[in-house]
Number of protein chains: 2
Amino acid sequence: VIPEPIQSESAELVLAFLAEAGDDVVSGEAISDKLGLTRAAVWKHVEALRGQGYRIDAVATRGYRLVAVPDRLRALELRPLLNTHDVGQVLHCFESLGSTSDHAKALAEDGAGHGEVVVTEAQTMGRGRRGRGWVMAPGRNVAFSVVLRPVGLPTARAPELTLVASLAVCDALRRAGVDAGIKWPNDILVNGRKIAGILTELAAEPDQVHWVVVGVGVNVNAREEDFPPELLGQATSVFLERGQVAPRALFLAACLTLLEEWYDRHAEDGFGPIREAWTVRSVTLGREVAVQLDGREVVGTAEALDDTGALLVRTAAGLERITSGDVALLRPRG
Amino acid sequence: VIPEPIQSESAELVLAFLAEAGDDVVSGEAISDKLGLTRAAVWKHVEALRGQGYRIDAVATRGYRLVAVPDRLRALELRPLLNTHDVGQVLHCFESLGSTSDHAKALAEDGAGHGEVVVTEAQTMGRGRRGRGWVMAPGRNVAFSVVLRPVGLPTARAPELTLVASLAVCDALRRAGVDAGIKWPNDILVNGRKIAGILTELAAEPDQVHWVVVGVGVNVNAREEDFPPELLGQATSVFLERGQVAPRALFLAACLTLLEEWYDRHAEDGFGPIREAWTVRSVTLGREVAVQLDGREVVGTAEALDDTGALLVRTAAGLERITSGDVALLRPRG
């Protein structure tokens, strides 16, 4: 049983102060001065944090040092790690939830603001694209959804936001030490195996997006036994690639921070820089692909991303512009 | 106070039988034979219908004739008039509702099927495009929303459905005897005054529409005193244009039937025929227009609808492709 989160704002401030210092030792006096707490209160909050699973060393005569944070995804762990102005500033954290995107969509309908985030440890009805399921071992992975409210974005340009989100997740995975690449439109692969999926949903008028919910599922610390047998060989995780457990809160905070960076870039400079960044991270371009459209298959070479985010595939019959459908990467020739 | 609707399915069948006969007299014997009812039961149902406001004449020794239906929008009135396979086959009818589109969106989220319709006599929080209000005199006009589930429609093509809906409403108004035309993208005008508005909202993934809710408000029998003073001179109704009250149930049934016809045409033959039909009904093309985009104004001649439904405007600087924004028709030159 995971204990209830600390309710005290002061404890959170003490933690943020320790987290900011990184590996440095912080004196109890500095904390009490800075936060206007008595030394006894500082000690009490440190004890409470230890009770929550934080490892805080007391260094004789010098002060406190944060050594390890518990492997949990809650505001207490996430907020000190976030470097954003909007994304994740409001966090809705759950132990278990049907689907983070369903919850985020309900929040968006009720007026949730730009950047509100829903996170869960366990997802009982996770969804992938086109109503497919998304299975995830609880407590070892990261599942979150973000409410975005793009200003004046025409609905026809919504696919660009899927690519924005895939850049953020790809870059967060690279920071976590794995060689991630993007399969069009929004799967993240490592060595040809799926490590993350992104589901973008939106509410709109035809000429204007009301809100977008980006749902992200990443296999962070999943073991082989966490995957259903039929996915073995097709799926992987940061843990499986690197052989060591990754700190999930750090990973999630990186995802949110990068999402805000790429989102802001898109809002300011449009699709051009997104397209460029996507192109160099792509594992689709230059490859032979088979695309399943409704009722037919397009086989050819994935040549480029066009200026609307569609995939251009060179076939025997000419250039096909793909806006939807499932893409399979065929084996390299030769 | 409007009486409760008749619950009896037999009464509805008797009504449908009379409605089908139009101006013809139907013998009580024919009704009782066809529906397997006693003559006494037929008489009882006719009495019940009269109690509901139906005028049914008894023609000595010959039978019954339906002379007038009450001016109400409920399944009992609407169903016999519908000529559709999907649209309006499930009707959700209300005396009063905040917004038919809000209700339809909630139904769609809960799995409502293609063609389910929400109708109300009074709308307390009617909405227009971009969150604007839509004011409507209760009991005299028509407000409804339709859930559509287009199969495999890419989200970028959603604007086409707004034009599909505007064709249906425009044609229904023409059948009602007024010279309606379409102002891009989806206002219906008569003699330069607004008579109907359409609000299209949707839920989607970037590459695929989940559902669309088309909300329609039409000034059918509104009087001058029903409009707020600031709209006088800008708004009109079928009643104001023709000088006589229009049967609302007939008008609504025509809207739904035509919506299904144009929707099916679009699903089968794509945007080509829609674009053609829209072009000949347009009151925008060939006119000088001023388009308010975010922060700037585009002034020029509305030249054509392009093959995505965008408006092409010829300006001094060249051709502008307009996908959103408010279009004002400027006075004809000369």
# chains A, B, ... in the order shown; residues from 1 in each chain; ligands from 1
>>> interface_residues(of="chain B", to="chain A", cutoff="6 Å", atoms="only C-alpha atoms", output="PyMOL selection string")
chain B and resi 156+158-159+200-207+324
>>> write_last_selection(atoms="C-alpha atoms", output="PDB file, in the first residue's frame")
ATOM      1  CA  ALA B 156      -8.754  17.538 -42.265  1.00  0.00           C
ATOM      2  CA  ALA B 158     -14.332  17.743 -41.633  1.00  0.00           C
ATOM      3  CA  PRO B 159     -15.025  21.242 -43.064  1.00  0.00           C
ATOM      4  CA  THR B 200     -20.450  21.913 -36.629  1.00  0.00           C
ATOM      5  CA  GLU B 201     -18.509  20.343 -33.782  1.00  0.00           C
ATOM      6  CA  LEU B 202     -16.526  17.166 -33.785  1.00  0.00           C
ATOM      7  CA  ALA B 203     -14.460  14.718 -31.778  1.00  0.00           C
ATOM      8  CA  ALA B 204     -11.547  13.171 -33.589  1.00  0.00           C
ATOM      9  CA  GLU B 205      -8.105  11.738 -33.797  1.00  0.00           C
ATOM     10  CA  PRO B 206      -5.968  13.798 -36.173  1.00  0.00           C
ATOM     11  CA  ASP B 207      -6.405  11.279 -38.963  1.00  0.00           C
ATOM     12  CA  SER B 324     -11.580  30.245 -41.089  1.00  0.00           C
TER      13      SER B 324
END
>>> calpha_fit_rmsd(fixed="chain B", moving="chain A")
0.1 Å
>>> residues_around(residues="Phe227 (chain B)", least_positions_apart="4", cutoff="12 Å", atoms="only C-alpha atoms", output="PyMOL selection string")
chain B and resi 134-138+140-141+194-195+219+221-223+231-237+240
>>> residues_around(residues="region 28-36 of chain A", least_positions_apart="5", cutoff="7 Å", atoms="only C-alpha atoms", output="VMD selection string")
chain A and resid 42 63 to 64
